[in-house]
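**Q** What follows is a structure written as structure tokens; I'll ask about it next.
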Amino acid sequence: MDWTHYRFRSNWALAASPATVYEALEQAEEYPRWWPQVREVTRLDDTSGVIRVRSVLPYDLHFTARETRRDPVAGVLEIAMSGDLEGWARWTITAAGTGTLARYEQAVDVNKPLLRRFAVLGRPVFRANHRLMMRAGRRGLAAYLEAV
């Protein structure tokens, strides 16, 4: 097992329409307004930017995100990631009853030396840290969508 490789999946049930959720999620530079752990997004050009995240644990992760797929008809947003995290992340937005299901998938290898050093012992803590970040993101997006 590669202890520095992670796969994550999260499902966010949201009360807004799929088009509204998609529009919010495609504006990555706005994430810090509603997602507390996304501390900073700096646009590099129309399809890429540098992102800084920090959850409960006392370390920041920096990575460059490059858009690889933007398909509003299919409800898919996908990025390639490089830096402290190397891999990809994808949002898939679908209708669910009167609201939306936003499915997040991510497959990454950790490059940050501190996380690699503690890969085996820290893995359960790193996974819990990610779950907390995703839970806060869902709550933040739900509140943001209610306000707009």
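Chain lettering (A, B, ...) mirrors the order of the structure tokens, residue numbering begins at 1 for each chain separately, and ligand numbering begins at 1 in order of display.
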Run DSSP on the backbone and grab whatever in chain A lands in strand (DSSP E or B); send it over as a PyMOL selection string.
**A** chain A and resi 5-14+38-45+48-53+61-71+76-83+85-96+99-110
**Q** Mind checking DSSP for segment 16-135 of chain A and telling me the helix (DSSP H, G or I) residues as an mmCIF file with N, CA, C and O atoms, in the first residue's frame?
**A**
```
data_model
loop_
_atom_site.group_PDB
_atom_site.id
_atom_site.type_symbol
_atom_site.label_atom_id
_atom_site.label_comp_id
_atom_site.auth_asym_id
_atom_site.auth_seq_id
_atom_site.Cartn_x
_atom_site.Cartn_y
_atom_site.Cartn_z
ATOM 1 N N PRO A 18 -29.426 22.418 -9.559
ATOM 2 C CA PRO A 18 -28.118 22.009 -10.086
ATOM 3 C C PRO A 18 -27.378 23.148 -10.792
ATOM 4 O O PRO A 18 -26.167 23.290 -10.619
ATOM 5 N N ALA A 19 -28.086 23.970 -11.544
ATOM 6 C CA ALA A 19 -27.432 25.078 -12.255
ATOM 7 C C ALA A 19 -26.821 26.077 -11.272
ATOM 8 O O ALA A 19 -25.703 26.570 -11.486
ATOM 9 N N THR A 20 -27.515 26.353 -10.184
ATOM 10 C CA THR A 20 -27.013 27.286 -9.176
ATOM 11 C C THR A 20 -25.794 26.723 -8.461
ATOM 12 O O THR A 20 -24.808 27.425 -8.232
ATOM 13 N N VAL A 21 -25.847 25.439 -8.115
ATOM 14 C CA VAL A 21 -24.713 24.795 -7.449
ATOM 15 C C VAL A 21 -23.513 24.753 -8.386
ATOM 16 O O VAL A 21 -22.389 25.083 -7.983
ATOM 17 N N TYR A 22 -23.739 24.380 -9.637
ATOM 18 C CA TYR A 22 -22.649 24.323 -10.613
ATOM 19 C C TYR A 22 -21.987 25.695 -10.742
ATOM 20 O O TYR A 22 -20.759 25.799 -10.726
ATOM 21 N N GLU A 23 -22.806 26.728 -10.863
ATOM 22 C CA GLU A 23 -22.274 28.081 -11.017
ATOM 23 C C GLU A 23 -21.411 28.480 -9.819
ATOM 24 O O GLU A 23 -20.355 29.073 -9.977
ATOM 25 N N ALA A 24 -21.843 28.134 -8.616
ATOM 26 C CA ALA A 24 -21.055 28.455 -7.420
ATOM 27 C C ALA A 24 -19.741 27.673 -7.408
ATOM 28 O O ALA A 24 -18.684 28.223 -7.085
ATOM 29 N N LEU A 25 -19.794 26.401 -7.767
ATOM 30 C CA LEU A 25 -18.587 25.565 -7.714
ATOM 31 C C LEU A 25 -17.590 25.881 -8.827
ATOM 32 O O LEU A 25 -16.398 25.649 -8.665
ATOM 33 N N ALA A 28 -14.031 29.105 -8.480
ATOM 34 C CA ALA A 28 -13.091 28.702 -7.425
ATOM 35 C C ALA A 28 -12.537 29.883 -6.643
ATOM 36 O O ALA A 28 -12.287 29.765 -5.434
ATOM 37 N N GLU A 29 -12.362 31.018 -7.279
ATOM 38 C CA GLU A 29 -11.819 32.181 -6.578
ATOM 39 C C GLU A 29 -12.763 32.680 -5.480
ATOM 40 O O GLU A 29 -12.346 33.423 -4.589
ATOM 41 N N GLU A 30 -14.013 32.242 -5.493
ATOM 42 C CA GLU A 30 -14.983 32.612 -4.463
ATOM 43 C C GLU A 30 -15.032 31.624 -3.293
ATOM 44 O O GLU A 30 -15.672 31.890 -2.280
ATOM 45 N N TYR A 31 -14.372 30.480 -3.421
ATOM 46 C CA TYR A 31 -14.429 29.466 -2.359
ATOM 47 C C TYR A 31 -14.084 30.019 -0.973
ATOM 48 O O TYR A 31 -14.745 29.667 -0.002
ATOM 49 N N PRO A 32 -13.061 30.862 -0.833
ATOM 50 C CA PRO A 32 -12.741 31.359 0.520
ATOM 51 C C PRO A 32 -13.892 32.133 1.174
ATOM 52 O O PRO A 32 -13.933 32.237 2.393
ATOM 53 N N ARG A 33 -14.845 32.625 0.399
ATOM 54 C CA ARG A 33 -15.993 33.347 0.969
ATOM 55 C C ARG A 33 -16.926 32.414 1.734
ATOM 56 O O ARG A 33 -17.602 32.847 2.668
ATOM 57 N N TRP A 34 -16.992 31.142 1.310
ATOM 58 C CA TRP A 34 -17.945 30.232 1.951
ATOM 59 C C TRP A 34 -17.312 28.957 2.509
ATOM 60 O O TRP A 34 -17.954 28.237 3.265
ATOM 61 N N PRO A 113 6.591 17.243 2.372
ATOM 62 C CA PRO A 113 7.507 16.406 3.160
ATOM 63 C C PRO A 113 6.986 16.040 4.552
ATOM 64 O O PRO A 113 7.127 14.890 4.981
ATOM 65 N N LEU A 114 6.379 16.978 5.260
ATOM 66 C CA LEU A 114 5.872 16.695 6.605
ATOM 67 C C LEU A 114 4.832 15.566 6.571
ATOM 68 O O LEU A 114 4.879 14.639 7.381
ATOM 69 N N LEU A 115 3.922 15.619 5.624
ATOM 70 C CA LEU A 115 2.885 14.589 5.537
ATOM 71 C C LEU A 115 3.450 13.257 5.068
ATOM 72 O O LEU A 115 2.979 12.204 5.493
ATOM 73 N N ARG A 116 4.447 13.299 4.226
ATOM 74 C CA ARG A 116 5.088 12.053 3.787
ATOM 75 C C ARG A 116 5.825 11.396 4.962
ATOM 76 O O ARG A 116 5.800 10.185 5.117
ATOM 77 N N ARG A 117 6.464 12.215 5.794
ATOM 78 C CA ARG A 117 7.222 11.699 6.934
ATOM 79 C C ARG A 117 6.315 10.958 7.925
ATOM 80 O O ARG A 117 6.698 9.958 8.506
ATOM 81 N N ALA A 119 3.336 9.580 7.147
ATOM 82 C CA ALA A 119 2.318 8.935 6.310
ATOM 83 C C ALA A 119 1.618 7.771 7.000
ATOM 84 O O ALA A 119 0.393 7.671 6.974
ATOM 85 N N VAL A 120 2.353 6.882 7.613
ATOM 86 C CA VAL A 120 1.745 5.682 8.190
ATOM 87 C C VAL A 120 0.969 6.021 9.464
ATOM 88 O O VAL A 120 -0.223 5.731 9.580
ATOM 89 N N LEU A 121 1.634 6.641 10.425
ATOM 90 C CA LEU A 121 0.971 6.950 11.689
ATOM 91 C C LEU A 121 -0.097 8.032 11.542
ATOM 92 O O LEU A 121 -1.110 8.000 12.237
ATOM 93 N N GLY A 122 0.122 8.959 10.641
ATOM 94 C CA GLY A 122 -0.798 10.082 10.511
ATOM 95 C C GLY A 122 -1.990 9.844 9.609
ATOM 96 O O GLY A 122 -2.941 10.623 9.625
ATOM 97 N N ARG A 123 -1.980 8.766 8.845
ATOM 98 C CA ARG A 123 -3.036 8.544 7.845
ATOM 99 C C ARG A 123 -4.460 8.669 8.411
ATOM 100 O O ARG A 123 -5.273 9.388 7.837
ATOM 101 N N PRO A 124 -4.796 8.029 9.527
ATOM 102 C CA PRO A 124 -6.175 8.182 10.040
ATOM 103 C C PRO A 124 -6.495 9.632 10.419
ATOM 104 O O PRO A 124 -7.610 10.101 10.217
ATOM 105 N N VAL A 125 -5.509 10.335 10.942
ATOM 106 C CA VAL A 125 -5.709 11.728 11.327
ATOM 107 C C VAL A 125 -5.877 12.597 10.089
ATOM 108 O O VAL A 125 -6.737 13.481 10.048
ATOM 109 N N PHE A 126 -5.069 12.356 9.050
ATOM 110 C CA PHE A 126 -5.173 13.127 7.810
ATOM 111 C C PHE A 126 -6.534 12.909 7.156
ATOM 112 O O PHE A 126 -7.147 13.838 6.642
ATOM 113 N N ARG A 127 -7.024 11.668 7.185
ATOM 114 C CA ARG A 127 -8.346 11.367 6.606
ATOM 115 C C ARG A 127 -9.453 12.057 7.405
ATOM 116 O O ARG A 127 -10.388 12.610 6.834
ATOM 117 N N ALA A 128 -9.348 12.047 8.717
ATOM 118 C CA ALA A 128 -10.336 12.731 9.557
ATOM 119 C C ALA A 128 -10.306 14.239 9.303
ATOM 120 O O ALA A 128 -11.350 14.894 9.240
ATOM 121 N N ASN A 129 -9.118 14.780 9.139
ATOM 122 C CA ASN A 129 -8.947 16.196 8.841
ATOM 123 C C ASN A 129 -9.675 16.546 7.537
ATOM 124 O O ASN A 129 -10.356 17.571 7.442
ATOM 125 N N HIS A 130 -9.546 15.682 6.539
ATOM 126 C CA HIS A 130 -10.217 15.912 5.261
ATOM 127 C C HIS A 130 -11.737 15.854 5.425
ATOM 128 O O HIS A 130 -12.464 16.680 4.861
ATOM 129 N N ARG A 131 -12.224 14.884 6.206
ATOM 130 C CA ARG A 131 -13.675 14.783 6.442
ATOM 131 C C ARG A 131 -14.217 16.058 7.093
ATOM 132 O O ARG A 131 -15.285 16.549 6.719
ATOM 133 N N LEU A 132 -13.481 16.589 8.066
ATOM 134 C CA LEU A 132 -13.906 17.827 8.716
ATOM 135 C C LEU A 132 -13.941 18.982 7.724
ATOM 136 O O LEU A 132 -14.859 19.804 7.743
ATOM 137 N N MET A 133 -12.940 19.039 6.864
ATOM 138 C CA MET A 133 -12.896 20.087 5.848
ATOM 139 C C MET A 133 -14.092 19.982 4.900
ATOM 140 O O MET A 133 -14.730 20.988 4.587
ATOM 141 N N MET A 134 -14.413 18.781 4.474
ATOM 142 C CA MET A 134 -15.525 18.596 3.554
ATOM 143 C C MET A 134 -16.859 18.916 4.233
ATOM 144 O O MET A 134 -17.746 19.516 3.622
ATOM 145 N N ARG A 135 -17.015 18.535 5.484
ATOM 146 C CA ARG A 135 -18.253 18.836 6.219
ATOM 147 C C ARG A 135 -18.442 20.351 6.324
ATOM 148 O O ARG A 135 -19.537 20.870 6.106
#
```
**Q** With only C-alpha atoms as the basis for distance, which of A:Ser10, A:Phe118, A:Thr68, A:Ile79 is at the shortest distance from Arg103 of chain A?
**A**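 Looking at the shortest contact to Arg103 of chain A, the residue is A:Ser10.
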**Q** For atom CA of Gly75 of chain A and atom CA of Val38 of chain A, quote the distance in Å rounded to one decimal.
**A** 22.1 Å
**Q** For Gly49 of chain A, which residue among A:Ser82, A:Gly97, A:Gln37, A:Trp12 is the nearest when counting only C-alpha atoms?
**A**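 For Gly49 of chain A, the nearest of the candidates is A:Ser82.
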**Q** List the spatial neighbours of Val76 of chain A as an MDAnalysis selection string - criterion: any atom at most 9 Å away, only C-alpha atoms, same-chain residues fewer than 4 positions off excluded.
**A** chainID A and resid 22 69:72 90:93
**Q** Could you please take those selected residues and save N, CA, C and O atoms as a short mmCIF file (atom, residue, chain, number, x, y, z; two decimals), in the first residue's frame?
**A**
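Just written: selection.cif:
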```cif
data_model
loop_
_atom_site.label_atom_id
_atom_site.label_comp_id
_atom_site.auth_asym_id
_atom_site.auth_seq_id
_atom_site.Cartn_x
_atom_site.Cartn_y
_atom_site.Cartn_z
N TYR A 22 -23.74 24.38 -9.64
CA TYR A 22 -22.65 24.32 -10.61
C TYR A 22 -21.99 25.69 -10.74
O TYR A 22 -20.76 25.80 -10.73
N ARG A 69 -11.60 19.82 -17.21
CA ARG A 69 -12.92 19.62 -17.79
C ARG A 69 -13.91 20.58 -17.14
O ARG A 69 -13.98 20.67 -15.92
N ARG A 70 -14.65 21.26 -17.99
CA ARG A 70 -15.74 22.14 -17.54
C ARG A 70 -16.91 21.84 -18.48
O ARG A 70 -16.91 22.27 -19.63
N ASP A 71 -17.87 21.09 -17.99
CA ASP A 71 -18.99 20.64 -18.82
C ASP A 71 -20.30 20.89 -18.08
O ASP A 71 -20.78 20.03 -17.33
N PRO A 72 -20.91 22.07 -18.28
CA PRO A 72 -22.14 22.38 -17.57
C PRO A 72 -23.30 21.45 -17.94
O PRO A 72 -24.17 21.18 -17.10
N ARG A 90 -12.70 16.15 -8.84
CA ARG A 90 -13.85 16.30 -9.74
C ARG A 90 -15.13 16.53 -8.94
O ARG A 90 -15.40 15.84 -7.96
N TRP A 91 -15.90 17.50 -9.38
CA TRP A 91 -17.28 17.70 -8.93
C TRP A 91 -18.20 17.17 -10.00
O TRP A 91 -18.00 17.46 -11.19
N THR A 92 -19.23 16.42 -9.61
CA THR A 92 -20.28 15.99 -10.53
C THR A 92 -21.59 16.43 -9.89
O THR A 92 -21.92 16.02 -8.77
N ILE A 93 -22.32 17.26 -10.61
CA ILE A 93 -23.54 17.88 -10.10
C ILE A 93 -24.74 17.23 -10.78
O ILE A 93 -24.82 17.22 -12.01
#
```
**Q** So the first atom is atom CA of Asp2 of chain A and the second is atom CA of Asp84 of chain A; what is the distance between them in Å, to one decimal place?
**A**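 Computing the Euclidean distance for atom CA of Asp2 of chain A and atom CA of Asp84 of chain A yields 16.2 Å.
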**Q** Looking at only C-alpha atoms, which of A:Thr98, A:Asn111, A:Gln106, A:Thr42 is the one that sits closest to Phe8 of chain A?
**A**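 Answer, going by the shortest atom-to-atom distance: A:Gln106.
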**Q** Using only C-alpha atoms for the distances, tell me which of A:Ala136, A:Ala147, A:Val41, A:Leu14 is nearest to Ala65 of chain A.
**A** A:Val41
**Q** Rounded to one decimal, what separation in Å do you get between atom CA of Ala89 of chain A and atom CA of Leu77 of chain A?
**A**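 Taking atom CA of Ala89 of chain A and atom CA of Leu77 of chain A, their separation equals 8.4 Å.
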**Q** Given only C-alpha atoms as the basis, pick out the residue of A:Leu44, A:Lys112, A:Asp60, A:Ala107 nearest to Arg9 of chain A.
**A** A:Ala107
